[in-house]
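Pasting entry_15.csv here (CSV, C-alpha atoms):
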```csv
chain,number,residue,atom,x,y,z
A,25,MET,CA,-2.6,-12.6,-21.1
A,26,ARG,CA,-2.0,-15.5,-18.8
A,27,THR,CA,1.7,-15.6,-19.8
A,28,ARG,CA,2.0,-11.8,-19.1
A,29,GLU,CA,0.3,-12.1,-15.7
A,30,ALA,CA,2.5,-15.1,-14.8
A,31,LEU,CA,5.6,-13.1,-15.7
A,32,ILE,CA,4.5,-10.1,-13.7
A,33,ARG,CA,3.9,-12.3,-10.6
A,34,ALA,CA,7.1,-14.1,-11.1
A,35,ALA,CA,9.0,-10.8,-11.4
A,36,ALA,CA,7.3,-9.5,-8.3
A,37,GLU,CA,8.3,-12.6,-6.4
A,38,SER,CA,11.9,-12.2,-7.6
A,39,PHE,CA,12.1,-8.5,-6.8
A,40,ASP,CA,10.6,-9.1,-3.4
A,41,GLN,CA,13.0,-11.9,-2.6
A,42,ASP,CA,16.2,-10.8,-4.3
A,43,GLY,CA,15.7,-7.1,-5.0
A,44,PHE,CA,15.6,-5.4,-8.4
A,45,THR,CA,19.3,-5.3,-9.0
A,46,VAL,CA,20.0,-9.0,-8.2
A,47,ALA,CA,16.9,-10.5,-9.9
A,48,SER,CA,17.6,-12.0,-13.2
A,49,LEU,CA,15.4,-12.5,-16.3
A,50,THR,CA,16.4,-16.1,-16.5
A,51,ARG,CA,15.2,-16.8,-13.0
A,52,ILE,CA,12.0,-14.9,-13.6
A,53,SER,CA,11.2,-16.8,-16.8
A,54,SER,CA,11.9,-20.1,-15.0
A,55,ARG,CA,9.8,-19.1,-12.1
A,56,ALA,CA,6.9,-18.2,-14.4
A,57,GLY,CA,7.4,-21.5,-16.3
A,58,VAL,CA,7.9,-19.8,-19.7
A,59,SER,CA,10.8,-19.6,-22.1
A,60,SER,CA,13.2,-16.7,-22.3
A,61,GLY,CA,11.8,-15.9,-25.7
A,62,ALA,CA,8.3,-15.7,-24.4
A,63,LEU,CA,9.5,-13.3,-21.7
A,64,HIS,CA,11.2,-11.0,-24.3
A,65,PHE,CA,8.1,-11.2,-26.4
A,66,HIS,CA,6.1,-9.4,-23.6
A,67,PHE,CA,8.9,-7.4,-22.0
A,68,ALA,CA,12.0,-5.9,-23.7
A,69,SER,CA,14.0,-5.6,-20.5
A,70,LYS,CA,14.0,-6.0,-16.7
A,71,ALA,CA,13.1,-2.4,-16.4
A,72,ALA,CA,10.0,-2.8,-18.5
A,73,LEU,CA,9.0,-5.8,-16.3
A,74,ALA,CA,9.5,-3.7,-13.2
A,75,ASP,CA,7.3,-1.0,-14.7
A,76,ALA,CA,4.6,-3.6,-15.3
A,77,VAL,CA,4.9,-4.8,-11.7
A,78,GLU,CA,4.5,-1.2,-10.5
A,79,GLU,CA,1.4,-0.6,-12.7
A,80,ALA,CA,-0.2,-3.8,-11.4
A,81,ALA,CA,0.6,-2.8,-7.8
A,82,ALA,CA,-0.9,0.7,-8.5
A,83,MET,CA,-4.2,-1.0,-9.5
A,84,VAL,CA,-4.2,-2.9,-6.2
A,85,LEU,CA,-3.6,0.3,-4.3
A,86,ARG,CA,-6.5,2.1,-6.1
A,87,ALA,CA,-8.8,-0.8,-5.2
A,88,ILE,CA,-7.7,-0.5,-1.5
A,89,ALA,CA,-8.5,3.2,-1.4
A,90,HIS,CA,-11.8,2.7,-3.3
A,91,ASP,CA,-13.0,-0.2,-1.0
A,92,ALA,CA,-12.3,1.8,2.1
A,93,ASP,CA,-14.3,4.8,0.8
A,94,ARG,CA,-17.8,3.5,1.6
A,95,PRO,CA,-20.7,5.8,2.1
A,96,GLY,CA,-22.4,6.0,5.5
A,97,SER,CA,-19.5,6.0,7.9
A,98,SER,CA,-17.1,8.7,9.0
A,99,ARG,CA,-14.3,9.9,6.8
A,100,LEU,CA,-11.8,9.3,9.6
A,101,GLN,CA,-13.0,5.7,9.9
A,102,HIS,CA,-12.5,5.4,6.1
A,103,LEU,CA,-8.9,6.4,6.6
A,104,VAL,CA,-8.4,3.9,9.5
A,105,ASP,CA,-9.9,1.2,7.3
A,106,ALA,CA,-7.7,2.1,4.3
A,107,THR,CA,-4.5,1.7,6.5
A,108,HIS,CA,-5.7,-1.8,7.6
A,109,ARG,CA,-6.4,-2.8,4.0
A,110,LEU,CA,-3.0,-1.6,2.9
A,111,ALA,CA,-1.2,-3.5,5.7
A,112,GLU,CA,-3.2,-6.7,4.9
A,113,ALA,CA,-2.5,-6.4,1.2
A,114,LEU,CA,1.2,-5.8,1.9
A,115,ARG,CA,1.3,-9.0,3.9
A,116,ASP,CA,-0.6,-11.1,1.4
A,117,ASP,CA,0.0,-9.6,-2.1
A,118,VAL,CA,3.5,-10.0,-3.4
A,119,VAL,CA,2.8,-7.7,-6.4
A,120,LEU,CA,1.8,-4.8,-4.2
A,121,ARG,CA,4.7,-5.5,-1.8
A,122,ALA,CA,7.2,-5.5,-4.8
A,123,GLY,CA,5.6,-2.4,-6.2
A,124,PHE,CA,6.3,-0.5,-3.0
A,125,GLU,CA,9.8,-1.8,-2.8
A,126,LEU,CA,10.5,-0.8,-6.4
A,127,SER,CA,9.3,2.8,-5.5
A,128,GLY,CA,12.3,3.0,-3.2
A,129,GLU,CA,14.7,1.3,-5.5
A,130,THR,CA,17.7,3.6,-6.2
A,131,ALA,CA,18.9,1.7,-9.2
A,132,ARG,CA,16.0,2.9,-11.3
A,133,VAL,CA,13.5,5.7,-11.6
A,134,PRO,CA,10.0,4.5,-10.7
A,135,ARG,CA,7.3,4.9,-13.3
A,136,THR,CA,4.6,4.8,-10.6
A,137,ASP,CA,5.8,5.9,-7.2
A,138,LEU,CA,3.4,4.0,-5.0
A,139,ARG,CA,4.5,5.8,-1.8
A,140,LEU,CA,3.7,9.1,-3.4
A,141,SER,CA,0.4,7.7,-4.7
A,142,TRP,CA,-0.4,6.5,-1.1
A,143,ARG,CA,0.4,10.0,0.2
A,144,ASP,CA,-2.0,11.6,-2.3
A,145,ARG,CA,-4.8,9.2,-1.2
A,146,VAL,CA,-4.2,9.8,2.5
A,147,GLU,CA,-4.3,13.6,1.8
A,148,ARG,CA,-7.6,13.4,0.0
A,149,GLN,CA,-9.2,11.4,2.8
A,150,VAL,CA,-7.8,13.8,5.5
A,151,ARG,CA,-9.1,16.8,3.6
A,152,ARG,CA,-12.5,15.2,3.7
A,153,CYS,CA,-12.2,14.7,7.5
A,154,GLU,CA,-11.4,18.4,7.8
A,155,GLU,CA,-14.4,19.3,5.6
A,156,THR,CA,-16.7,17.2,7.7
A,157,GLY,CA,-15.4,18.7,11.0
A,158,GLU,CA,-14.0,15.4,12.3
A,159,LEU,CA,-10.6,16.9,13.1
A,160,ARG,CA,-10.0,18.4,16.5
A,161,ALA,CA,-9.9,22.2,16.5
A,162,GLY,CA,-6.3,23.4,15.9
A,163,VAL,CA,-5.2,20.2,14.1
A,164,THR,CA,-4.3,20.9,10.5
A,165,ALA,CA,-4.7,18.4,7.7
A,166,GLY,CA,-1.0,18.7,6.8
A,167,ARG,CA,0.1,17.5,10.2
A,168,VAL,CA,-2.3,14.5,10.1
A,169,VAL,CA,-1.1,13.6,6.6
A,170,SER,CA,2.5,13.7,7.6
A,171,ALA,CA,1.9,11.5,10.7
A,172,VAL,CA,-0.2,8.9,8.9
A,173,VAL,CA,2.0,8.6,5.8
A,174,ALA,CA,5.3,8.5,7.8
A,175,ALA,CA,3.9,5.8,10.1
A,176,THR,CA,2.3,3.6,7.4
A,177,VAL,CA,5.2,3.8,5.0
A,178,GLY,CA,7.5,3.0,7.9
A,179,PHE,CA,5.4,-0.1,8.6
A,180,GLU,CA,5.6,-1.0,5.0
A,181,VAL,CA,9.5,-0.7,5.0
A,182,LEU,CA,9.9,-2.5,8.3
A,183,GLY,CA,7.3,-5.2,7.2
A,184,VAL,CA,9.7,-6.4,4.5
A,185,ARG,CA,11.8,-8.0,7.1
A,186,ASN,CA,9.3,-8.6,9.9
A,187,ARG,CA,5.6,-9.0,9.0
A,188,ALA,CA,4.6,-8.3,12.6
A,189,TRP,CA,4.9,-4.6,11.6
A,190,LEU,CA,1.9,-5.2,9.3
A,191,ALA,CA,-0.2,-7.1,11.8
A,192,PRO,CA,-3.7,-5.8,12.5
A,193,GLY,CA,-2.8,-5.3,16.1
A,194,THR,CA,0.1,-3.1,15.2
A,195,ILE,CA,-2.0,-0.9,13.0
A,196,ALA,CA,-4.8,-0.7,15.6
A,197,GLU,CA,-2.4,0.3,18.3
A,198,PHE,CA,-1.0,3.1,16.1
A,199,TRP,CA,-4.5,4.4,15.7
A,200,ARG,CA,-5.3,4.1,19.5
A,201,LEU,CA,-2.3,6.3,20.1
A,202,LEU,CA,-3.0,8.8,17.3
A,203,LEU,CA,-6.8,9.2,17.3
A,204,PRO,CA,-7.1,11.2,20.5
A,205,THR,CA,-4.7,13.8,19.2
A,206,LEU,CA,-6.6,14.1,15.8
A,207,ALA,CA,-10.3,14.3,16.8
A,208,SER,CA,-12.6,15.3,19.6
A,209,ASP,CA,-13.5,12.7,22.3
A,210,ALA,CA,-17.0,12.5,20.7
A,211,VAL,CA,-15.6,11.6,17.3
A,212,VAL,CA,-12.9,9.2,18.7
A,213,ALA,CA,-15.7,7.3,20.5
A,214,ARG,CA,-17.3,6.4,17.2
A,215,ILE,CA,-14.0,5.2,15.5
A,216,ARG,CA,-12.9,1.6,15.6
A,217,PRO,CA,-9.1,1.6,15.6
A,218,GLU,CA,-9.1,-2.1,14.6
A,219,GLY,CA,-11.0,-1.2,11.5
A,220,SER,CA,-14.7,-1.4,10.8
A,221,VAL,CA,-14.3,-4.3,8.3
A,222,ARG,CA,-12.0,-7.1,9.3
A,223,SER,CA,-11.1,-10.1,7.0
A,224,ALA,CA,-11.5,-13.6,8.3
A,225,GLY,CA,-7.7,-13.8,8.5
```
Give the structure from the file, written as structure tokens.
Amino acid sequence: MRTREALIRAAAESFDQDGFTVASLTRISSRAGVSSGALHFHFASKAALADAVEEAAAMVLRAIAHDADRPGSSRLQHLVDATHRLAEALRDDVVLRAGFELSGETARVPRTDLRLSWRDRVERQVRRCEETGELRAGVTAGRVVSAVVAATVGFEVLGVRNRAWLAPGTIAEFWRLLLPTLASDAVVARIRPEGSVRSAG
């Protein structure tokens, strides 16, 4: 299990640094500190290794969505918190970052499209906002989903080259601009654009 996890992380680092097409199994096995034979024992091909990276990244994404969905606060705040958690994880977790990058890789068909999974999670949360009456009258859930997904996936793509796009201040400023168009003044007043839970970093 430790060897498999080391290989997944090494592959994620290689995919993140070099891209799927350029990354080599030889470099991945060397980075993981295992033999080529050990790599092939766990993964038959680079594509199988990429699938494993995506699956590991999907688990991280599920945890992000689950952690943000706490009882006792507004559904809109949950959504804000989830975007902050996603940006933080994309900054700090190479497996999640590589998983998202693999979802946009044209040289292979993704097994787990993380961008689509993220859209589904945003849509579920926005529907809950709609059900609880947190959206401004006349604002449809579909428009909110489109805006949030387009922006957050855009931050993810831009963040590959410049991590400032994933900084807490960037995400908070996005919400400061968007929240007044989504919800009533009374609801907006209760929402913290900087997120209700901030890490020490």
Surrounding residues of range 133-149 of chain A excluding itself and chain neighbours under 3 positions, 7 Å, all atoms listed in the file, as a compact mmCIF listing (two decimals) with C-alpha atoms, keeping the file's coordinate frame:
```
# COMPACT_ATOMS: atom_id res chain seq x y z
CA ASP A 75 7.30 -1.00 -14.70
CA GLU A 78 4.50 -1.20 -10.50
CA GLU A 79 1.40 -0.60 -12.70
CA ALA A 82 -0.90 0.70 -8.50
CA ARG A 99 -14.30 9.90 6.80
CA LEU A 103 -8.90 6.40 6.60
CA GLY A 123 5.60 -2.40 -6.20
CA PHE A 124 6.30 -0.50 -3.00
CA LEU A 126 10.50 -0.80 -6.40
CA SER A 127 9.30 2.80 -5.50
CA ARG A 152 -12.50 15.20 3.70
CA CYS A 153 -12.20 14.70 7.50
CA VAL A 169 -1.10 13.60 6.60
CA VAL A 173 2.00 8.60 5.80
```
Contacts of Leu73 in chain A at 10 Å (all atoms listed in the file; same-chain gap of 4+ positions) as a list in words =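 Using all atoms listed in the file, the neighbours found are Arg28, Leu31, Ile32, Ala34, Ala35, Ala36, Leu49, Ile52, Leu63, His64, His66, Phe67, Ala68, Ser69, Val77, Glu78 and Glu79 of chain A.
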Name the residues in contact with Ala106 in chain A at a cut-off of 7 Å, using all atoms listed in the file, excluding same-chain residues fewer than 4 positions from it; report them as an NGL selection string.
-> :A and (88-89 or 92 or 102 or 110)
Sphere at (-4.5, 19.3, 3.9), radius 6 Å, counting only C-alpha atoms: residues as an MDAnalysis selection string = chainID A and resid 151 165:166
Kindly export the residues of the current selection with C-alpha atoms, as a compact mmCIF listing (two decimals), in the frame of the given file.
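Result went into out.txt, see below:
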```txt
# COMPACT_ATOMS: atom_id res chain seq x y z
CA ARG A 151 -9.10 16.80 3.60
CA ALA A 165 -4.70 18.40 7.70
CA GLY A 166 -1.00 18.70 6.80
```
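Of the listed residues (A:Arg33, A:Ala207, A:Glu129, A:Glu197), A:Arg33 comes nearest to Asp117 in chain A; the distances count only C-alpha atoms.
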Using all atoms listed in the file, give me every residue within 12 Å of (8.4, -0.2, 11.7) in file coordinates, as a ChimeraX atom specification.
-> /A:111,174-191,194-195,198
Which residue of A:Ser54, A:Ser98, A:Leu114, A:Ala122 approaches Val211 in chain A most closely, using all atoms listed in the file =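 Closest residue, counting all atoms listed in the file: A:Ser98.
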Between CA of His90 in chain A and CA of Thr205 in chain A, what is the spacing in Å?
-> 26.1 Å
CA of Val104 in chain A to CA of Gly219 in chain A, straight-line distance in Å =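 A separation of 6.1 Å between them.
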Nearest residue to Thr45 in chain A from the set A:Ala76, A:Ala131, A:Leu159, A:Met83 (distances using only C-alpha atoms) =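 When distances to Thr45 in chain A are compared using only C-alpha atoms, the smallest one comes from A:Ala131.
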Find, counting all atoms listed in the file, the residue in A:Ala47, A:Met25, A:Ala71, A:Ala210 that gets nearest to Gly157 in chain A.
->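 Once distances to Gly157 in chain A are computed over all atoms listed in the file, the minimum belongs to A:Ala210.
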Between CA of Phe44 in chain A and CA of Glu125 in chain A, what is the distance, to one decimal in Å?
-> 8.8 Å
